[in-house]
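Only one structure is covered here, and it is reproduced in the block below.
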Protein chains: 4
Amino acid sequence: MEPWKTAIVNAADGSIRLRGHDVTTLMTQATFTDTIFLLHRERLPNTNERAMLDAVLSGVADHGAGAPSCATARLVASGNRQSLSAAVAAGLLAVGDEHGGAGSACMELIAEGIELGARESIGLDEAARRIVAQSRESGRRLPGLGHRVHTIDPRTPVLFEMARSRGIAGNGVAFLEALEIAVRERIKPLPINIDGALAAVLHDLGFPPPFGKLVFLIGRVAGLTAEVAEEYAREKPMRIRIPVVYDGVPPQP
Amino acid sequence: MEPWKTAIVNAADGSIRLRGHDVTTLMTQATFTDTIFLLHRERLPNTNERAMLDAVLSGVADHGAGAPSCATARLVASGNRQSLSAAVAAGLLAVGDEHGGAGSACMELIAEGIELGARESIGLDEAARRIVAQSRESGRRLPGLGHRVHTIDPRTPVLFEMARSRGIAGNGVAFLEALEIAVRERIKPLPINIDGALAAVLHDLGFPPPFGKLVFLIGRVAGLTAEVAEEYAREKPMRIRIPVVYDGVPPQP
Amino acid sequence: MEPWKTAIVNAADGSIRLRGHDVTTLMTQATFTDTIFLLHRERLPNTNERAMLDAVLSGVADHGAGAPSCATARLVASGNRQSLSAAVAAGLLAVGDEHGGAGSACMELIAEGIELGARESIGLDEAARRIVAQSRESGRRLPGLGHRVHTIDPRTPVLFEMARSRGIAGNGVAFLEALEIAVRERIKPLPINIDGALAAVLHDLGFPPPFGKLVFLIGRVAGLTAEVAEEYAREKPMRIRIPVVYDGVPPQP
Amino acid sequence: MEPWKTAIVNAADGSIRLRGHDVTTLMTQATFTDTIFLLHRERLPNTNERAMLDAVLSGVADHGAGAPSCATARLVASGNRQSLSAAVAAGLLAVGDEHGGAGSACMELIAEGIELGARESIGLDEAARRIVAQSRESGRRLPGLGHRVHTIDPRTPVLFEMARSRGIAGNGVAFLEALEIAVRERIKPLPINIDGALAAVLHDLGFPPPFGKLVFLIGRVAGLTAEVAEEYAREKPMRIRIPVVYDGVPPQP
C-alpha cells in the first residue's frame, strides 16, 4: 500500500509537529483553542480570532442532558459500561443537519450569497433578497434562521457583538443580517439561531463550510464527556427505559 | 505496510470465497444463518445447528423501541438524517455487559465451571455449588441469572427445549441448570435469563465466549434497522427531547 | 414525556411480539431471515422471497478484511479492546453511498424510472433512455452501475437468475437491465454491480428504498463480527499503524 | 418517564447555565479550556490550572494520520461521505486502554499508590516499591510506563516542568516518578509515557480517574476533525483498500 499523504502532522523524526509547529512549543505557549485554530486554518490565531473561536466553542459545549446528542451519550453509558469512548462517540453521531450541524449548510449559503453579490455587482442586501425569493420558489429551507425553542437565542447577539468589537465581522455577518431582514419582509420573522450566528463569524474568520459542523463536534465533546462522567458517577446501569405505546397490528396466530 | 493476514475471506482472484466457500454458492444454496455460522465456526451447520442459531438470532432481534439500543438508534435518527449507518451503529454501541452482552461473560463462566468439574473430577452439580460459594465470597455477579423485567423470560425454556429435542444440549445447558439450582439453594431464586440461555446453547454449539456478545449484535441489527426505518418514515427530525430536572449549584455571579 | 409510538414490537404484557408474532413462535418456526423480512415488510415471506433475501444477505456478508468497513472494525479492535460493540459499530459507520450503500439510491432511481414509464405511458426501455439522457445533461451519476474492481461482479447474474427462476423478477430487474443497455448505447459499457443487483431484486420484493442500505448493514454485520473476532484472537493490540508521508509546511520557528 | 436529574446544565428558563455560569458570560469571558475545566471540576480554573489543562489538550490533539484513531476516521470518511459526524465518532471509538486511554488506568494506580502510602504510613517511594513488587507477582501491567515508539516521549518532561513551575505538581507527579525509579531498579528502565504524564498532572489538578480517558477524547477531536476535513478536501471516496493476504482453508467444493 502507498503511504498516505498528509499536511497536518509530521511525527516521523521523534518530534511531533502540527502544521510545522513542535507540539512541545504549543503545549507551553499556546492554548487548546490556538491548536484547534492551527489544525484547521494552518496558522495560529491572533488575540481577537482566538477569543472569537473560544466564544463559539463554549457556546455549543452543552445544552442540557435532554438534547439528542447528550441523551444519546447517556443511553449508551446506561447499557454499555465497558467503554467511555463508545458513549461519547454515540453522542457525536446524533449531530447532523438537524441537530448542531446546520452551521455547515449556513456557511455554504453565506458563501453563495456573497458570491452572487459579487458576480452580479449587487449589494449584499439585494443578494439576500434574491436568495429569499429563490428559496420561496424552490421550497428550500434557509439554514441558520429559526429555532425550535428560543425566540431569540441569547448566544446570537453575543457572537455578533464580539465579532464587531473585535474587528472580525465582515461579509458573513453582514449577509446573514441582510438575510434575516429579507426573510422578515418577504416571509415572516425568523431570528438568527446559534447555527447561523456561528456560521457567519466562522465565515468571517476564514474557515471553510465543513467547519460549521466540525466546530460543533469539537465544542460538544466538552459537554458529552461531562454528561457521560455524571451518568457513570450518579446512575446505575440500565436505568433508562423509554416508555413506548404499541399501535401496530394485533397478535397474529 | 505488511499486508494483513486473514483466514476469513479470499477475494484476490475475482471470486469471493468465505472460509473457502464461493459466495455465489452460498447465495444459492445456503441461508444467511448458514453464512453466519460458517464465518464464525469455519464450517457449515447441520439442520439442528442451523435451527438453534436461527432461534437465538430471532430471539434477540428486538425488544421494543424503548430498550437502550433501540432508543439510542432512534435518538440519533432524530438528530442526524444524513446517515442511516450512524443511527444503526449508535444502537449497537449501547450493547455492553449490562445490555445484551452478558452472554459473553456467561459463556466464560460456563467454560470455567466445566473446566473446574473436569480438573477436580467432580460433577457439574458440585462444580456449580463451588462457583456459587466462590461468588458469594468474592462478591462476583453471576452473569446469565436474574432479569430486571421478566420473572421468567419466555425465551429461556424455548431455547432449552429446542437444544434438547435437537440433540444439541450438552455440558453448557447442564452446567447452567445446575448453577440455577445452586443459586436457588444457597442465595435466592434467580431465573436463567436470555443471556444465560443463549450462552448455554452457544457453548454447546461450539462457539467461543466472545460470540455471546457478537450474536446479540448480529440479531439486534435486524431490529435496529426496522426501528430506524420507522423513525424516518413516521417521525419528524428533532422530535425527541428527554425531560430533565436540574439539581446542581445555583446561578453563579 | 409522551410515550413513543411504534408498530414494530409490543413487549408490554410479558410476551414479546414482533409485528404481532410471538417471539417464541418465531424462534421455533421461523428462520432469522424470516424475522428480518417480517420486521421490515410486516409479514412473513414465502419460500421464494426467503431464498431471495438469504441470497442478498449472504452476498454482502463480507468482502475481505481490507474493505473499508472491515478495515475500520479491525483498526478499532486494535486500539480499543474494551468493547466488541465499538469495533463492530465503527465498521458500520464506514458504510455510505460510496461503500455498500448505493443500493438505496439505486432503489430510488428504479422507482423514479418505473414511475416515469407509467406517467408517460412509455415502456421501461424508453424510460431508461430518458433517465440516461437526463443524467448526461445534469451530470448525475447513475447508482448501481460500474464497479471499481470486478468487470462483471459474479454476484449480479446469480441474483438475477434466482429472481427469474423464483418468479420474483419484475419491473425492478427489467428497468435496471434496460438502464444497463441504454448506458451502453449512449455512454459506455458499465456492468450492473452488486448494489444495483440487490436494489432491483429488493424493489421487486416490495422493500422501500432505505432498505437498500439497511440490508447491507444487516448482512455485513455477519462479516464484521467475524473480522473483529479474528483480530482479537490472532493479533496484539495496537499492531496497526498506517504509513504516512508528510507533505505540509516545513518546521516553523 | 421520570425526568432525568443532572447537575451540569440548566436550560429551563431561556438562559443556558453550565454549572451555574451563564453561557453568554462564558462566551465573552472564558476560554474553551475554562469551560472544559468548569464542566468537569464544577468551578473555573486559575491561570496555572488553565495553562496546565491547555498543555494536556494540545499534547494529545494529533499524532499523525496513521495513528489508529486518525486512520479510523479517514477510513470512514473514505466509505461514507454523508456524515462528518460518523467519521469523527469512529475515530473516537478507536480510543481505548491500548490507544490513548491508559491515562485513566494510570490515575487509578496513582490514587491506589497514594492511598497505600497514607494507610501504611510509608513514603511514596516505599509505596511505589510495593506496587511494583505486587505487579511482578500478579503479572499486572503498570499503565503509564513504556512506549512503543519513543524512548523518551518529548511531551512528558514538558508536562512535568510546567507542573512544577506552576505549582501544580503534588503527590501524583511524585508518586509516578517514584514508580519509574522503582521499576527501573526492580525490572527494567521504562520511561513515563504521555498517558502516565497526563495522568499525574490531572491527578494533581483534582480530576477523577475517568477524566484520564475523557481528556484524550476532548483533545483528539481537534485532530480528528482536521484529519477528516483533509480527507474530504484532498482525496476521492473509496481510495483506501488495505492489502490483505489470505491464509485460511483452501477452496471448498
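By order of appearance in the C-alpha cells: chains A, B, ..., then residues from 1 within every chain, and ligands from 1 in the order shown.
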### Query
Once you count only C-alpha atoms, which residues of chain D turn out to be within 6 Å of chain B? Could you give them as a ChimeraX atom specification?
/D:3-7,10,20-21,82,86,243-252
With N, CA and C atoms kept, could you save the residues just selected as a tab-separated table (two decimals), in the first residue's frame?
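See part19.tsv below for the written result:
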chain	number	residue	atom	x	y	z
D	3	PRO	N	-38.39	12.57	34.84
D	3	PRO	CA	-37.33	13.38	34.23
D	3	PRO	C	-35.96	12.94	34.76
D	4	TRP	N	-34.94	13.08	33.94
D	4	TRP	CA	-33.59	12.77	34.40
D	4	TRP	C	-33.11	13.91	35.29
D	5	LYS	N	-32.25	13.60	36.24
D	5	LYS	CA	-31.65	14.63	37.08
D	5	LYS	C	-30.22	14.88	36.64
D	6	THR	N	-29.85	16.14	36.67
D	6	THR	CA	-28.49	16.50	36.28
D	6	THR	C	-28.03	17.72	37.02
D	7	ALA	N	-26.74	17.78	37.30
D	7	ALA	CA	-26.15	18.95	37.94
D	7	ALA	C	-25.24	19.71	36.98
D	10	ASN	N	-28.48	23.81	33.18
D	10	ASN	CA	-29.87	24.21	33.35
D	10	ASN	C	-30.27	25.12	32.19
D	20	GLY	N	-23.99	26.52	36.74
D	20	GLY	CA	-24.41	27.78	37.33
D	20	GLY	C	-23.95	29.02	36.59
D	21	HIS	N	-23.02	28.89	35.64
D	21	HIS	CA	-22.49	30.05	34.91
D	21	HIS	C	-23.25	30.26	33.61
D	82	GLN	N	-21.56	10.91	3.70
D	82	GLN	CA	-22.80	11.58	4.08
D	82	GLN	C	-22.74	12.21	5.46
D	86	ALA	N	-20.05	10.82	11.57
D	86	ALA	CA	-19.76	9.39	11.58
D	86	ALA	C	-18.25	9.16	11.55
D	243	PRO	N	-4.17	-3.78	1.94
D	243	PRO	CA	-3.79	-5.06	1.32
D	243	PRO	C	-3.87	-6.20	2.33
D	244	VAL	N	-4.43	-7.32	1.87
D	244	VAL	CA	-4.55	-8.49	2.75
D	244	VAL	C	-4.04	-9.74	2.05
D	245	VAL	N	-3.57	-10.67	2.83
D	245	VAL	CA	-3.17	-11.98	2.32
D	245	VAL	C	-4.02	-13.02	3.02
D	246	TYR	N	-4.58	-13.92	2.24
D	246	TYR	CA	-5.44	-14.96	2.80
D	246	TYR	C	-4.60	-16.16	3.20
D	247	ASP	N	-4.76	-16.63	4.41
D	247	ASP	CA	-4.03	-17.83	4.84
D	247	ASP	C	-4.96	-18.87	5.47
D	248	GLY	N	-6.19	-18.88	5.03
D	248	GLY	CA	-7.17	-19.82	5.60
D	248	GLY	C	-7.29	-21.10	4.79
D	249	VAL	N	-8.40	-21.78	4.96
D	249	VAL	CA	-8.62	-23.07	4.29
D	249	VAL	C	-8.68	-22.88	2.77
D	250	PRO	N	-8.32	-23.92	2.02
D	250	PRO	CA	-8.37	-23.83	0.55
D	250	PRO	C	-9.82	-23.84	0.07
D	251	PRO	N	-10.03	-23.58	-1.22
D	251	PRO	CA	-11.38	-23.61	-1.77
D	251	PRO	C	-12.10	-24.91	-1.43
D	252	GLN	N	-13.35	-24.80	-1.01
D	252	GLN	CA	-14.16	-25.97	-0.66
D	252	GLN	C	-15.05	-26.31	-1.85
### Contacts of Leu190 (chain C) within 12 Å, only C-alpha atoms, excl. fewer than 6 positions in-chain, as JSON, numbers by chain
{"C": [141, 142, 143, 144, 145, 146, 147, 148, 150, 151, 152, 153, 176, 177, 179, 180, 181, 182, 183, 184, 196]}
Those same residues, written as a short mmCIF file (atom, residue, chain, number, x, y, z; two decimals), in the first residue's frame with N, CA, C and O atoms?
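The result, written out as again_6.cif:
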data_model
loop_
_atom_site.label_atom_id
_atom_site.label_comp_id
_atom_site.auth_asym_id
_atom_site.auth_seq_id
_atom_site.Cartn_x
_atom_site.Cartn_y
_atom_site.Cartn_z
N ARG C 141 -24.62 10.99 -11.41
CA ARG C 141 -24.15 9.62 -11.51
C ARG C 141 -25.33 8.66 -11.40
O ARG C 141 -26.30 8.94 -10.70
N LEU C 142 -25.24 7.54 -12.09
CA LEU C 142 -26.30 6.54 -12.02
C LEU C 142 -25.87 5.43 -11.05
O LEU C 142 -25.01 4.61 -11.38
N PRO C 143 -26.46 5.39 -9.87
CA PRO C 143 -26.03 4.39 -8.88
C PRO C 143 -26.44 2.99 -9.32
O PRO C 143 -27.49 2.81 -9.92
N GLY C 144 -25.58 2.00 -9.02
CA GLY C 144 -25.90 0.61 -9.34
C GLY C 144 -25.19 0.10 -10.57
O GLY C 144 -25.22 -1.09 -10.85
N LEU C 145 -24.54 1.02 -11.30
CA LEU C 145 -23.78 0.61 -12.49
C LEU C 145 -22.30 0.93 -12.28
O LEU C 145 -21.95 1.96 -11.71
N GLY C 146 -21.43 0.02 -12.79
CA GLY C 146 -20.00 0.26 -12.69
C GLY C 146 -19.45 -0.30 -11.38
O GLY C 146 -20.16 -0.39 -10.38
N HIS C 147 -18.17 -0.67 -11.40
CA HIS C 147 -17.55 -1.20 -10.20
C HIS C 147 -16.05 -0.95 -10.29
O HIS C 147 -15.47 -1.03 -11.35
N ARG C 148 -15.48 -0.63 -9.14
CA ARG C 148 -14.05 -0.32 -9.13
C ARG C 148 -13.18 -1.54 -9.42
O ARG C 148 -12.12 -1.44 -9.99
N HIS C 150 -14.31 -5.47 -9.98
CA HIS C 150 -14.74 -6.51 -10.90
C HIS C 150 -15.27 -5.90 -12.18
O HIS C 150 -16.05 -4.96 -12.14
N THR C 151 -14.90 -6.46 -13.32
CA THR C 151 -15.55 -6.05 -14.55
C THR C 151 -17.00 -6.52 -14.51
O THR C 151 -17.93 -5.75 -14.71
N ILE C 152 -17.16 -7.81 -14.26
CA ILE C 152 -18.52 -8.30 -14.03
C ILE C 152 -18.56 -8.90 -12.63
O ILE C 152 -17.82 -9.84 -12.33
N ASP C 153 -19.38 -8.35 -11.78
CA ASP C 153 -19.47 -8.87 -10.42
C ASP C 153 -20.17 -10.22 -10.47
O ASP C 153 -21.28 -10.33 -10.98
N LEU C 176 -33.68 -2.06 -14.53
CA LEU C 176 -32.23 -1.93 -14.36
C LEU C 176 -31.51 -2.54 -15.56
O LEU C 176 -30.50 -2.01 -16.02
N GLU C 177 -32.04 -3.63 -16.10
CA GLU C 177 -31.42 -4.21 -17.31
C GLU C 177 -31.60 -3.25 -18.50
O GLU C 177 -30.68 -3.09 -19.31
N LEU C 179 -31.74 -0.08 -18.23
CA LEU C 179 -30.82 1.02 -17.95
C LEU C 179 -29.40 0.65 -18.38
O LEU C 179 -28.67 1.46 -18.97
N GLU C 180 -28.98 -0.59 -18.08
CA GLU C 180 -27.64 -1.01 -18.46
C GLU C 180 -27.47 -0.92 -19.98
O GLU C 180 -26.44 -0.46 -20.48
N ILE C 181 -28.49 -1.34 -20.71
CA ILE C 181 -28.42 -1.29 -22.18
C ILE C 181 -28.37 0.16 -22.65
O ILE C 181 -27.55 0.51 -23.51
N ALA C 182 -29.22 1.00 -22.09
CA ALA C 182 -29.25 2.40 -22.50
C ALA C 182 -27.91 3.09 -22.23
O ALA C 182 -27.43 3.89 -23.03
N VAL C 183 -27.30 2.77 -21.11
CA VAL C 183 -25.99 3.35 -20.78
C VAL C 183 -24.94 2.86 -21.77
O VAL C 183 -24.10 3.64 -22.24
N ARG C 184 -24.99 1.57 -22.10
CA ARG C 184 -24.00 1.02 -23.03
C ARG C 184 -24.14 1.68 -24.40
O ARG C 184 -23.15 2.01 -25.04
N GLY C 196 -26.55 -2.41 -7.49
CA GLY C 196 -27.65 -2.34 -8.44
C GLY C 196 -28.48 -3.62 -8.45
O GLY C 196 -29.72 -3.58 -8.48
#
### Task
Mind the document's chain letters and residue numbers, and return as an MDAnalysis selection string the residues of region 44-253 of chain C that DSSP labels strand (DSSP E or B).
chainID C and resid 96 99:100 145 192 244:246
